[in-house]
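A.B. asks: This is entry_16.cif, which holds mmCIF, C-alpha atoms:
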data_upload
#
loop_
_atom_site.group_PDB
_atom_site.id
_atom_site.type_symbol
_atom_site.label_atom_id
_atom_site.label_comp_id
_atom_site.auth_asym_id
_atom_site.auth_seq_id
_atom_site.Cartn_x
_atom_site.Cartn_y
_atom_site.Cartn_z
ATOM 1 C CA MET A 1 85.926 104.037 65.790
ATOM 2 C CA ASP A 2 86.964 100.598 64.632
ATOM 3 C CA LEU A 3 90.673 101.148 65.095
ATOM 4 C CA SER A 4 92.890 100.627 68.128
ATOM 5 C CA VAL A 5 96.469 101.843 68.449
ATOM 6 C CA THR A 6 98.642 101.081 71.474
ATOM 7 C CA SER A 7 102.382 101.201 71.918
ATOM 8 C CA HIS A 8 105.050 99.841 74.243
ATOM 9 C CA GLU A 9 108.822 99.638 74.401
ATOM 10 C CA GLN A 10 110.534 96.369 73.603
ATOM 11 C CA GLY A 11 114.274 95.806 73.174
ATOM 12 C CA GLY A 12 114.918 99.484 72.618
ATOM 13 C CA ARG A 13 112.277 99.728 69.911
ATOM 14 C CA THR A 14 108.762 101.154 70.019
ATOM 15 C CA VAL A 15 106.197 98.519 69.130
ATOM 16 C CA VAL A 16 102.935 99.973 67.811
ATOM 17 C CA GLU A 17 100.086 97.474 67.972
ATOM 18 C CA VAL A 18 97.335 98.284 65.511
ATOM 19 C CA GLY A 19 93.977 96.525 65.517
ATOM 20 C CA GLY A 20 90.737 96.798 63.557
ATOM 21 C CA GLU A 21 90.134 98.561 60.256
ATOM 22 C CA ILE A 22 92.550 101.105 58.756
ATOM 23 C CA ASP A 23 90.612 103.007 56.118
ATOM 24 C CA VAL A 24 89.756 106.481 54.851
ATOM 25 C CA TYR A 25 87.891 107.191 58.110
ATOM 26 C CA THR A 26 90.319 105.808 60.693
ATOM 27 C CA ALA A 27 93.685 106.427 58.979
ATOM 28 C CA PRO A 28 93.994 109.999 60.369
ATOM 29 C CA VAL A 29 94.020 108.542 63.908
ATOM 30 C CA LEU A 30 96.949 106.261 63.053
ATOM 31 C CA ARG A 31 98.751 109.125 61.297
ATOM 32 C CA GLU A 32 98.402 111.308 64.390
ATOM 33 C CA ARG A 33 99.633 108.547 66.698
ATOM 34 C CA LEU A 34 102.706 107.841 64.548
ATOM 35 C CA ASN A 35 103.443 111.574 64.315
ATOM 36 C CA ASP A 36 103.146 111.881 68.103
ATOM 37 C CA LEU A 37 105.573 109.013 68.656
ATOM 38 C CA VAL A 38 108.138 110.474 66.277
ATOM 39 C CA GLY A 39 107.625 113.834 67.979
ATOM 40 C CA GLU A 40 108.428 112.158 71.313
ATOM 41 C CA GLY A 41 111.725 110.986 69.885
ATOM 42 C CA LYS A 42 110.673 107.420 69.057
ATOM 43 C CA HIS A 43 112.458 106.982 65.741
ATOM 44 C CA HIS A 44 112.634 103.187 65.558
ATOM 45 C CA LEU A 45 109.135 101.807 65.147
ATOM 46 C CA VAL A 46 107.820 98.277 64.750
ATOM 47 C CA VAL A 47 104.196 98.347 63.595
ATOM 48 C CA ASP A 48 102.429 95.120 64.531
ATOM 49 C CA MET A 49 99.621 94.565 61.989
ATOM 50 C CA GLU A 50 98.551 91.119 63.223
ATOM 51 C CA LYS A 51 95.217 92.378 64.568
ATOM 52 C CA VAL A 52 94.424 94.520 61.529
ATOM 53 C CA GLU A 53 91.274 93.282 59.825
ATOM 54 C CA PHE A 54 91.242 95.678 56.888
ATOM 55 C CA LEU A 55 93.772 97.967 55.201
ATOM 56 C CA ASP A 56 93.117 100.329 52.285
ATOM 57 C CA SER A 57 95.210 102.780 50.249
ATOM 58 C CA THR A 58 94.801 105.593 52.774
ATOM 59 C CA GLY A 59 96.223 103.265 55.451
ATOM 60 C CA LEU A 60 99.154 102.464 53.171
ATOM 61 C CA GLY A 61 99.650 106.195 52.687
ATOM 62 C CA VAL A 62 99.884 106.695 56.454
ATOM 63 C CA LEU A 63 102.489 103.929 56.780
ATOM 64 C CA VAL A 64 104.538 105.397 53.925
ATOM 65 C CA GLY A 65 104.274 108.817 55.592
ATOM 66 C CA GLY A 66 105.470 107.298 58.869
ATOM 67 C CA LEU A 67 108.405 105.651 57.120
ATOM 68 C CA LYS A 68 109.451 108.957 55.540
ATOM 69 C CA ARG A 69 109.161 110.699 58.884
ATOM 70 C CA VAL A 70 111.327 108.233 60.859
ATOM 71 C CA ARG A 71 113.880 108.088 58.040
ATOM 72 C CA SER A 72 114.276 111.858 58.224
ATOM 73 C CA HIS A 73 115.513 111.190 61.788
ATOM 74 C CA ASP A 74 117.729 108.277 60.681
ATOM 75 C CA GLY A 75 115.134 105.947 62.154
ATOM 76 C CA SER A 76 113.375 102.838 60.879
ATOM 77 C CA LEU A 77 109.903 101.411 60.458
ATOM 78 C CA HIS A 78 109.438 97.652 60.348
ATOM 79 C CA LEU A 79 106.149 95.804 59.964
ATOM 80 C CA VAL A 80 104.880 92.563 61.471
ATOM 81 C CA CYS A 81 102.293 90.818 59.303
ATOM 82 C CA THR A 82 101.485 87.212 58.478
ATOM 83 C CA GLN A 83 97.891 87.655 57.267
ATOM 84 C CA GLU A 84 97.610 86.845 53.585
ATOM 85 C CA LYS A 85 94.783 89.331 52.907
ATOM 86 C CA ILE A 86 96.835 92.197 54.362
ATOM 87 C CA LEU A 87 100.101 91.067 52.717
ATOM 88 C CA LYS A 88 98.266 91.039 49.379
ATOM 89 C CA VAL A 89 97.608 94.787 49.695
ATOM 90 C CA PHE A 90 101.352 95.424 50.075
ATOM 91 C CA ARG A 91 102.156 93.042 47.227
ATOM 92 C CA ILE A 92 99.728 94.536 44.675
ATOM 93 C CA THR A 93 101.044 98.028 45.318
ATOM 94 C CA GLY A 94 104.712 96.986 45.246
ATOM 95 C CA LEU A 95 105.206 98.150 48.829
ATOM 96 C CA THR A 96 106.713 94.823 49.914
ATOM 97 C CA LYS A 97 109.901 96.329 48.430
ATOM 98 C CA VAL A 98 109.566 99.431 50.586
ATOM 99 C CA PHE A 99 108.744 97.945 53.982
ATOM 100 C CA PRO A 100 110.685 95.230 55.781
ATOM 101 C CA ILE A 101 107.893 92.790 56.754
ATOM 102 C CA HIS A 102 108.456 90.224 59.508
ATOM 103 C CA THR A 103 106.544 87.280 60.927
ATOM 104 C CA SER A 104 106.946 88.200 64.605
ATOM 105 C CA VAL A 105 107.603 91.234 66.788
ATOM 106 C CA ALA A 106 110.792 89.590 68.116
ATOM 107 C CA ASP A 107 112.111 89.162 64.552
ATOM 108 C CA ALA A 108 111.215 92.747 63.670
ATOM 109 C CA VAL A 109 112.906 94.130 66.798
ATOM 110 C CA ALA A 110 116.039 92.104 66.117
ATOM 111 C CA ALA A 111 116.117 93.022 62.411
ATOM 112 C CA SER A 112 115.790 96.721 63.181
ATOM 113 C CA GLY A 113 118.875 96.528 65.375
ATOM 114 C CA GLY A 114 117.121 96.334 68.717
ATOM 115 C CA ASP A 115 117.712 93.877 71.507
ATOM 116 C CA ASP A 116 115.455 90.867 70.941
ATOM 117 C CA GLY A 117 116.019 89.608 74.448
ATOM 118 C CA ALA A 118 117.881 86.506 73.286
ATOM 119 C CA MET B 1 69.098 100.836 49.931
ATOM 120 C CA SER B 2 66.843 99.638 47.121
ATOM 121 C CA THR B 3 66.688 96.718 44.791
ATOM 122 C CA GLU B 4 65.409 97.004 41.276
ATOM 123 C CA PRO B 5 65.848 95.019 38.098
ATOM 124 C CA THR B 6 67.829 96.328 35.134
ATOM 125 C CA ALA B 7 68.366 94.924 31.668
ATOM 126 C CA GLY B 8 70.973 92.189 31.761
ATOM 127 C CA ALA B 9 73.413 91.179 29.069
ATOM 128 C CA LEU B 10 71.141 88.513 27.626
ATOM 129 C CA GLY B 11 67.836 90.205 28.286
ATOM 130 C CA ALA B 12 67.379 88.596 31.709
ATOM 131 C CA PRO B 13 67.274 91.170 34.489
ATOM 132 C CA ASP B 14 70.425 91.713 36.503
ATOM 133 C CA ALA B 15 69.974 91.450 40.223
ATOM 134 C CA ALA B 16 70.848 94.809 41.725
ATOM 135 C CA VAL B 17 71.535 96.486 45.049
ATOM 136 C CA THR B 18 71.963 100.252 45.287
ATOM 137 C CA LEU B 19 73.223 102.272 48.254
ATOM 138 C CA ARG B 20 73.298 106.075 48.406
ATOM 139 C CA PHE B 21 75.271 107.854 51.078
ATOM 140 C CA THR B 22 76.450 111.317 52.104
ATOM 141 C CA PRO B 23 80.102 111.660 51.056
ATOM 142 C CA LEU B 24 81.647 111.208 54.490
ATOM 143 C CA PRO B 25 84.589 108.887 55.292
ATOM 144 C CA GLU B 26 82.617 107.015 57.957
ATOM 145 C CA HIS B 27 80.092 105.822 55.383
ATOM 146 C CA VAL B 28 82.714 104.072 53.258
ATOM 147 C CA ARG B 29 82.696 101.240 55.768
ATOM 148 C CA THR B 30 78.923 100.906 55.344
ATOM 149 C CA ALA B 31 79.452 100.669 51.579
ATOM 150 C CA ARG B 32 82.047 97.936 52.109
ATOM 151 C CA LEU B 33 79.632 96.010 54.308
ATOM 152 C CA VAL B 34 76.978 96.145 51.577
ATOM 153 C CA ALA B 35 79.454 94.982 48.919
ATOM 154 C CA THR B 36 80.644 92.200 51.210
ATOM 155 C CA ALA B 37 77.077 91.082 51.871
ATOM 156 C CA VAL B 38 76.345 90.902 48.131
ATOM 157 C CA ALA B 39 79.591 89.013 47.453
ATOM 158 C CA ARG B 40 78.878 86.606 50.301
ATOM 159 C CA ARG B 41 75.344 86.043 49.003
ATOM 160 C CA LEU B 42 76.902 85.051 45.660
ATOM 161 C CA GLY B 43 78.880 82.364 47.483
ATOM 162 C CA LEU B 44 82.320 83.743 46.663
ATOM 163 C CA ALA B 45 85.409 82.305 48.314
ATOM 164 C CA ASP B 46 87.136 84.434 50.956
ATOM 165 C CA GLU B 47 89.860 85.662 48.611
ATOM 166 C CA GLN B 48 87.382 86.960 46.032
ATOM 167 C CA LEU B 49 85.191 88.365 48.766
ATOM 168 C CA ASP B 50 88.152 90.319 50.156
ATOM 169 C CA ALA B 51 88.971 91.596 46.654
ATOM 170 C CA VAL B 52 85.414 92.888 46.131
ATOM 171 C CA ARG B 53 85.359 94.462 49.605
ATOM 172 C CA LEU B 54 88.674 96.267 49.129
ATOM 173 C CA ALA B 55 88.114 97.415 45.529
ATOM 174 C CA VAL B 56 84.608 98.748 46.252
ATOM 175 C CA GLY B 57 85.988 100.464 49.367
ATOM 176 C CA GLU B 58 88.692 102.131 47.265
ATOM 177 C CA ALA B 59 86.149 103.341 44.706
ATOM 178 C CA CYS B 60 83.884 104.758 47.443
ATOM 179 C CA ALA B 61 86.824 106.363 49.298
ATOM 180 C CA ARG B 62 87.829 107.970 45.994
ATOM 181 C CA ALA B 63 84.307 109.417 45.611
ATOM 182 C CA VAL B 64 84.378 110.780 49.181
ATOM 183 C CA GLN B 65 87.800 112.348 48.677
ATOM 184 C CA ARG B 66 86.641 113.975 45.426
ATOM 185 C CA ALA B 67 83.563 115.382 47.170
ATOM 186 C CA GLU B 68 85.640 116.679 50.089
ATOM 187 C CA SER B 69 88.001 118.500 47.738
ATOM 188 C CA VAL B 70 85.224 120.624 46.208
ATOM 189 C CA PRO B 71 85.816 124.253 47.307
ATOM 190 C CA GLY B 72 83.369 125.766 49.763
ATOM 191 C CA GLY B 73 82.976 122.893 52.186
ATOM 192 C CA GLY B 74 82.785 119.983 49.784
ATOM 193 C CA ALA B 75 80.083 118.492 47.598
ATOM 194 C CA THR B 76 76.958 117.266 49.370
ATOM 195 C CA GLU B 77 75.364 115.212 46.577
ATOM 196 C CA LEU B 78 74.905 111.632 47.672
ATOM 197 C CA VAL B 79 77.399 109.088 46.392
ATOM 198 C CA SER B 80 75.753 106.065 44.843
ATOM 199 C CA LEU B 81 77.091 102.530 44.831
ATOM 200 C CA ARG B 82 75.282 100.153 42.515
ATOM 201 C CA LEU B 83 76.120 96.459 42.510
ATOM 202 C CA THR B 84 74.699 94.287 39.739
ATOM 203 C CA HIS B 85 75.300 90.683 38.885
ATOM 204 C CA HIS B 86 74.136 87.958 36.550
ATOM 205 C CA PRO B 87 75.158 84.370 35.994
ATOM 206 C CA VAL B 88 77.506 83.424 33.168
ATOM 207 C CA GLY B 89 77.293 79.644 33.020
ATOM 208 C CA ASP B 90 78.477 78.408 36.408
ATOM 209 C CA ARG B 91 80.126 81.716 37.102
ATOM 210 C CA VAL B 92 79.026 85.211 38.031
ATOM 211 C CA HIS B 93 79.542 88.568 36.350
ATOM 212 C CA LEU B 94 79.649 91.323 38.983
ATOM 213 C CA GLU B 95 79.825 95.062 38.481
ATOM 214 C CA ALA B 96 80.140 97.850 41.017
ATOM 215 C CA VAL B 97 79.502 101.387 39.811
ATOM 216 C CA VAL B 98 80.278 104.295 42.117
ATOM 217 C CA VAL B 99 79.012 107.737 41.080
ATOM 218 C CA ASP B 100 79.734 111.001 42.853
ATOM 219 C CA GLY B 101 78.417 114.512 42.233
ATOM 220 C CA ALA B 102 81.779 116.255 42.373
ATOM 221 C CA GLY B 103 82.880 118.102 39.258
ATOM 222 C CA ASP B 104 86.267 118.141 37.615
ATOM 223 C CA ASP B 105 88.197 119.116 40.690
ATOM 224 C CA GLY B 106 91.574 118.337 39.148
ATOM 225 C CA VAL B 107 92.179 115.718 41.828
ATOM 226 C CA GLU B 108 94.142 112.834 40.399
ATOM 227 C CA THR B 109 93.152 109.445 41.724
ATOM 228 C CA GLU B 110 95.940 108.323 43.991
ATOM 229 C CA ASP B 111 98.248 105.944 42.199
ATOM 230 C CA VAL B 112 98.076 103.444 45.032
ATOM 231 C CA ALA B 113 94.260 103.396 44.951
ATOM 232 C CA MET B 114 94.278 102.826 41.173
ATOM 233 C CA LEU B 115 96.903 100.083 41.517
ATOM 234 C CA LEU B 116 94.768 98.337 44.107
ATOM 235 C CA MET B 117 91.551 98.536 42.093
ATOM 236 C CA GLU B 118 93.339 97.340 38.948
ATOM 237 C CA GLY B 119 94.973 94.534 40.872
ATOM 238 C CA LEU B 120 91.707 93.362 42.402
ATOM 239 C CA ALA B 121 89.100 93.751 39.635
ATOM 240 C CA ASP B 122 89.215 92.449 36.048
ATOM 241 C CA HIS B 123 88.447 95.898 34.621
ATOM 242 C CA VAL B 124 88.510 99.384 36.102
ATOM 243 C CA LEU B 125 86.990 102.256 34.145
ATOM 244 C CA VAL B 126 86.938 105.863 35.321
ATOM 245 C CA GLY B 127 84.558 108.082 33.367
ATOM 246 C CA ALA B 128 82.390 111.157 33.679
ATOM 247 C CA GLY B 129 79.770 111.584 36.374
ATOM 248 C CA PRO B 130 76.810 113.958 36.620
ATOM 249 C CA GLY B 131 79.080 116.692 38.050
ATOM 250 C CA GLY B 132 81.822 116.377 35.454
ATOM 251 C CA PRO B 133 84.816 114.281 34.425
ATOM 252 C CA GLY B 134 86.019 111.507 36.712
ATOM 253 C CA GLY B 135 82.790 111.117 38.661
ATOM 254 C CA THR B 136 82.161 107.465 37.809
ATOM 255 C CA THR B 137 84.259 104.458 38.776
ATOM 256 C CA ARG B 138 83.215 101.134 37.288
ATOM 257 C CA LEU B 139 84.676 97.884 38.609
ATOM 258 C CA VAL B 140 84.000 94.689 36.687
ATOM 259 C CA TRP B 141 84.577 91.062 37.592
ATOM 260 C CA THR B 142 83.765 88.965 34.544
ATOM 261 C CA ALA B 143 83.833 85.430 35.903
ATOM 262 C CA LEU B 144 83.734 85.036 39.653
ATOM 263 C CA ASP B 145 83.624 81.506 40.886
ATOM 264 C CA PRO B 146 81.059 80.704 43.580
ATOM 265 C CA VAL B 147 82.096 77.928 45.920
ATOM 266 C CA ALA B 148 78.827 77.635 47.831
#
Could you rewrite the structure in this file as structure tokens?
C.D. replies:
Amino acid sequence: MDLSVTSHEQGGRTVVEVGGEIDVYTAPVLRERLNDLVGEGKHHLVVDMEKVEFLDSTGLGVLVGGLKRVRSHDGSLHLVCTQEKILKVFRITGLTKVFPIHTSVADAVAASGGDDGA
Amino acid sequence: MSTEPTAGALGAPDAAVTLRFTPLPEHVRTARLVATAVARRLGLADEQLDAVRLAVGEACARAVQRAESVPGGGATELVSLRLTHHPVGDRVHLEAVVVDGAGDDGVETEDVAMLLMEGLADHVLVGAGPGGPGGTTRLVWTALDPVA
């Protein structure tokens, strides 16, 4: 499996660090992890994509599904991404309008209403 | 994987690489690696290389999803990915054709997957395959620009 998913709490938000390739094979693992977190009551997620090497439409589908899920609990899902090749995937599909995308975890935590530690 | 010549646009043979794989999600990555290797061999810049990798991956993922949706445990016919290219002046014409054996399963290609393929390739054509409508995805790049 060429996907890693870990999570930790930061400033009252749950930061999900994703690494490797998110594709038709690995996307179900990410979907399950996000569902588990929401099930545990983590409704404000920051998904850190900085170590993602590849993202396809099934990966986008999982992120959109996660967004819908947290929103149904009045939660939020923010992304951290500065890699041009990954940003391009969001841009082509128009999803830059759907997801708040930040350049650092601290920015994402602060923007989602968490405590950025400042 | 096999290589064999086919008739090119101007009579010269296209260079070709063909991969056939069981329609399982884990093999889509293998298909991407093959497409990436061909694109890298052509000397494409990183941005074009990423576009070929992602678009071919989308086409192969589409084939796998179509096969999986066939009632009774899914279609087992191998999916084929055929990459052909020929020079056009200083540039390169590249085509990727993905064919699956699934019939007309009524599965619409996901809008996001189509958007991505259309955003990354110059032309995207979905046509019939051996099993029925929708079984062929053709991606065309008409003038890729090698840098090396």
A.B. asks: Find the residues of chain A that sit at most 10 Å from chain B; for each, write down the nearest two atoms and how far apart they are in Å, to one decimal. Count only C-alpha atoms. Sort by chain, then by number going up, and give it as JSON lines.
C.D. replies:
{"residue": "A:Met1", "atom": "CA", "partner": "B:Glu26", "partner_atom": "CA", "distance": 9.0}
{"residue": "A:Asp2", "atom": "CA", "partner": "B:Arg29", "partner_atom": "CA", "distance": 9.9}
{"residue": "A:Glu21", "atom": "CA", "partner": "B:Arg29", "partner_atom": "CA", "distance": 9.1}
{"residue": "A:Asp23", "atom": "CA", "partner": "B:Arg29", "partner_atom": "CA", "distance": 8.1}
{"residue": "A:Val24", "atom": "CA", "partner": "B:Pro25", "partner_atom": "CA", "distance": 5.7}
{"residue": "A:Tyr25", "atom": "CA", "partner": "B:Pro25", "partner_atom": "CA", "distance": 4.7}
{"residue": "A:Thr26", "atom": "CA", "partner": "B:Glu26", "partner_atom": "CA", "distance": 8.3}
{"residue": "A:Phe54", "atom": "CA", "partner": "B:Leu54", "partner_atom": "CA", "distance": 8.2}
{"residue": "A:Leu55", "atom": "CA", "partner": "B:Leu54", "partner_atom": "CA", "distance": 8.1}
{"residue": "A:Asp56", "atom": "CA", "partner": "B:Leu54", "partner_atom": "CA", "distance": 6.8}
{"residue": "A:Ser57", "atom": "CA", "partner": "B:Ala113", "partner_atom": "CA", "distance": 5.4}
{"residue": "A:Thr58", "atom": "CA", "partner": "B:Ala113", "partner_atom": "CA", "distance": 8.1}
{"residue": "A:Leu60", "atom": "CA", "partner": "B:Val112", "partner_atom": "CA", "distance": 8.3}
{"residue": "A:Gly61", "atom": "CA", "partner": "B:Val112", "partner_atom": "CA", "distance": 8.3}
{"residue": "A:Glu84", "atom": "CA", "partner": "B:Glu47", "partner_atom": "CA", "distance": 9.3}
{"residue": "A:Lys85", "atom": "CA", "partner": "B:Asp50", "partner_atom": "CA", "distance": 7.2}
{"residue": "A:Ile86", "atom": "CA", "partner": "B:Asp50", "partner_atom": "CA", "distance": 9.8}
{"residue": "A:Lys88", "atom": "CA", "partner": "B:Leu116", "partner_atom": "CA", "distance": 9.7}
{"residue": "A:Val89", "atom": "CA", "partner": "B:Leu116", "partner_atom": "CA", "distance": 7.2}
{"residue": "A:Phe90", "atom": "CA", "partner": "B:Leu116", "partner_atom": "CA", "distance": 9.4}
{"residue": "A:Arg91", "atom": "CA", "partner": "B:Leu116", "partner_atom": "CA", "distance": 9.6}
{"residue": "A:Ile92", "atom": "CA", "partner": "B:Gly119", "partner_atom": "CA", "distance": 6.1}
{"residue": "A:Thr93", "atom": "CA", "partner": "B:Leu115", "partner_atom": "CA", "distance": 6.0}
{"residue": "A:Gly94", "atom": "CA", "partner": "B:Leu115", "partner_atom": "CA", "distance": 9.2}
{"residue": "A:Leu95", "atom": "CA", "partner": "B:Val112", "partner_atom": "CA", "distance": 9.7}
A.B. asks: Counting all atoms listed in the file, write as a list in words all protein and nucleic acid residues lying at most 12 Å from (70.7, 107.2, 39.4) in the file's frame.
C.D. replies: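 Residues with an atom close enough to that point: Ser2, Glu4, Thr18, Leu19, Arg20, Glu77, Leu78, Val79, Ser80, Leu81, Arg82, Val97, Val98, Val99, Asp100, Gly101, Gly129, Pro130 and Thr136 of chain B.
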A.B. asks: Just write the chosen residues, C-alpha atoms, as a PDB file, in the frame of the given file.
C.D. replies:
ATOM      1  CA  SER B   2      66.843  99.638  47.121  1.00  0.00           C
ATOM      2  CA  GLU B   4      65.409  97.004  41.276  1.00  0.00           C
ATOM      3  CA  THR B  18      71.963 100.252  45.287  1.00  0.00           C
ATOM      4  CA  LEU B  19      73.223 102.272  48.254  1.00  0.00           C
ATOM      5  CA  ARG B  20      73.298 106.075  48.406  1.00  0.00           C
ATOM      6  CA  GLU B  77      75.364 115.212  46.577  1.00  0.00           C
ATOM      7  CA  LEU B  78      74.905 111.632  47.672  1.00  0.00           C
ATOM      8  CA  VAL B  79      77.399 109.088  46.392  1.00  0.00           C
ATOM      9  CA  SER B  80      75.753 106.065  44.843  1.00  0.00           C
ATOM     10  CA  LEU B  81      77.091 102.530  44.831  1.00  0.00           C
ATOM     11  CA  ARG B  82      75.282 100.153  42.515  1.00  0.00           C
ATOM     12  CA  VAL B  97      79.502 101.387  39.811  1.00  0.00           C
ATOM     13  CA  VAL B  98      80.278 104.295  42.117  1.00  0.00           C
ATOM     14  CA  VAL B  99      79.012 107.737  41.080  1.00  0.00           C
ATOM     15  CA  ASP B 100      79.734 111.001  42.853  1.00  0.00           C
ATOM     16  CA  GLY B 101      78.417 114.512  42.233  1.00  0.00           C
ATOM     17  CA  GLY B 129      79.770 111.584  36.374  1.00  0.00           C
ATOM     18  CA  PRO B 130      76.810 113.958  36.620  1.00  0.00           C
ATOM     19  CA  THR B 136      82.161 107.465  37.809  1.00  0.00           C
TER      20      THR B 136
END
A.B. asks: Measure the distance from CA of Gly59 in chain A to CA of Thr22 in chain B in Å and round it to one decimal.
C.D. replies: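 That distance, rounded to one decimal, is 21.6 Å.
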A.B. asks: If the PyMOL selection byres ((chain A and resi 105-116) around 10) were run on this exact file, what residues would it hold? Put them as a PDB file with C-alpha atoms, in the frame of the given file.
C.D. replies:
ATOM      1  CA  GLN A  10     110.534  96.369  73.603  1.00  0.00           C
ATOM      2  CA  GLY A  11     114.274  95.806  73.174  1.00  0.00           C
ATOM      3  CA  GLY A  12     114.918  99.484  72.618  1.00  0.00           C
ATOM      4  CA  ARG A  13     112.277  99.728  69.911  1.00  0.00           C
ATOM      5  CA  THR A  14     108.762 101.154  70.019  1.00  0.00           C
ATOM      6  CA  VAL A  15     106.197  98.519  69.130  1.00  0.00           C
ATOM      7  CA  VAL A  16     102.935  99.973  67.811  1.00  0.00           C
ATOM      8  CA  GLU A  17     100.086  97.474  67.972  1.00  0.00           C
ATOM      9  CA  HIS A  44     112.634 103.187  65.558  1.00  0.00           C
ATOM     10  CA  LEU A  45     109.135 101.807  65.147  1.00  0.00           C
ATOM     11  CA  VAL A  46     107.820  98.277  64.750  1.00  0.00           C
ATOM     12  CA  VAL A  47     104.196  98.347  63.595  1.00  0.00           C
ATOM     13  CA  ASP A  48     102.429  95.120  64.531  1.00  0.00           C
ATOM     14  CA  MET A  49      99.621  94.565  61.989  1.00  0.00           C
ATOM     15  CA  GLU A  50      98.551  91.119  63.223  1.00  0.00           C
ATOM     16  CA  GLY A  75     115.134 105.947  62.154  1.00  0.00           C
ATOM     17  CA  SER A  76     113.375 102.838  60.879  1.00  0.00           C
ATOM     18  CA  LEU A  77     109.903 101.411  60.458  1.00  0.00           C
ATOM     19  CA  HIS A  78     109.438  97.652  60.348  1.00  0.00           C
ATOM     20  CA  LEU A  79     106.149  95.804  59.964  1.00  0.00           C
ATOM     21  CA  VAL A  80     104.880  92.563  61.471  1.00  0.00           C
ATOM     22  CA  CYS A  81     102.293  90.818  59.303  1.00  0.00           C
ATOM     23  CA  PRO A 100     110.685  95.230  55.781  1.00  0.00           C
ATOM     24  CA  ILE A 101     107.893  92.790  56.754  1.00  0.00           C
ATOM     25  CA  HIS A 102     108.456  90.224  59.508  1.00  0.00           C
ATOM     26  CA  THR A 103     106.544  87.280  60.927  1.00  0.00           C
ATOM     27  CA  SER A 104     106.946  88.200  64.605  1.00  0.00           C
ATOM     28  CA  GLY A 117     116.019  89.608  74.448  1.00  0.00           C
ATOM     29  CA  ALA A 118     117.881  86.506  73.286  1.00  0.00           C
TER      30      ALA A 118
END
A.B. asks: Using all atoms listed in the file, pick whichever of A:Thr82, A:Asp74, A:Val18, A:Gly66 has the shortest atom-to-atom distance to Arg31 in chain A.
C.D. replies: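 Between A:Thr82, A:Asp74, A:Val18, A:Gly66, the residue approaching Arg31 in chain A most closely is A:Gly66.
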A.B. asks: Could you write out as a PyMOL selection string the residues that the PyMOL selection byres ((chain B and resi 145) around 10) matches in the shown file?
C.D. replies: chain B and resi 42-45+48+90-93+142-144+146-148
A.B. asks: CA of Gly132 in chain B to CA of Arg66 in chain B: how many Å, to one decimal?
C.D. replies: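 Here the two named atoms are 11.3 Å from each other.
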A.B. asks: Take CA of Leu34 in chain A and CA of Thr96 in chain A and report the distance between them in Å, one decimal.
C.D. replies: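 CA of Leu34 in chain A sits 20.0 Å away from CA of Thr96 in chain A.
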A.B. asks: I need the residue set behind the PyMOL selection byres ((chain A and resi 5) around 8) for this file; please write it as a ChimeraX atom specification.
C.D. replies: /A:3-4,6-7,16-19,30,33
A.B. asks: When you count all atoms listed in the file, which of these residues is closest to Val126 in chain B: B:Ala75, B:Val17, B:Ala59, B:Thr30?
C.D. replies: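 Among B:Ala75, B:Val17, B:Ala59, B:Thr30, it is B:Ala59 that comes nearest to Val126 in chain B.
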A.B. asks: Calculated over all atoms listed in the file, which of the candidates B:His86, B:Arg138, B:Arg41, B:Arg32 has the smallest distance to Ala121 in chain B?
C.D. replies: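 Result for the nearest residue to Ala121 in chain B: B:Arg138.
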A.B. asks: Calculated over all atoms listed in the file, which of the candidates A:Pro28, A:Gln83, A:Gly20, A:Glu9 has the smallest distance to Gly65 in chain A?
C.D. replies: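 Among A:Pro28, A:Gln83, A:Gly20, A:Glu9, it is A:Pro28 that comes nearest to Gly65 in chain A.
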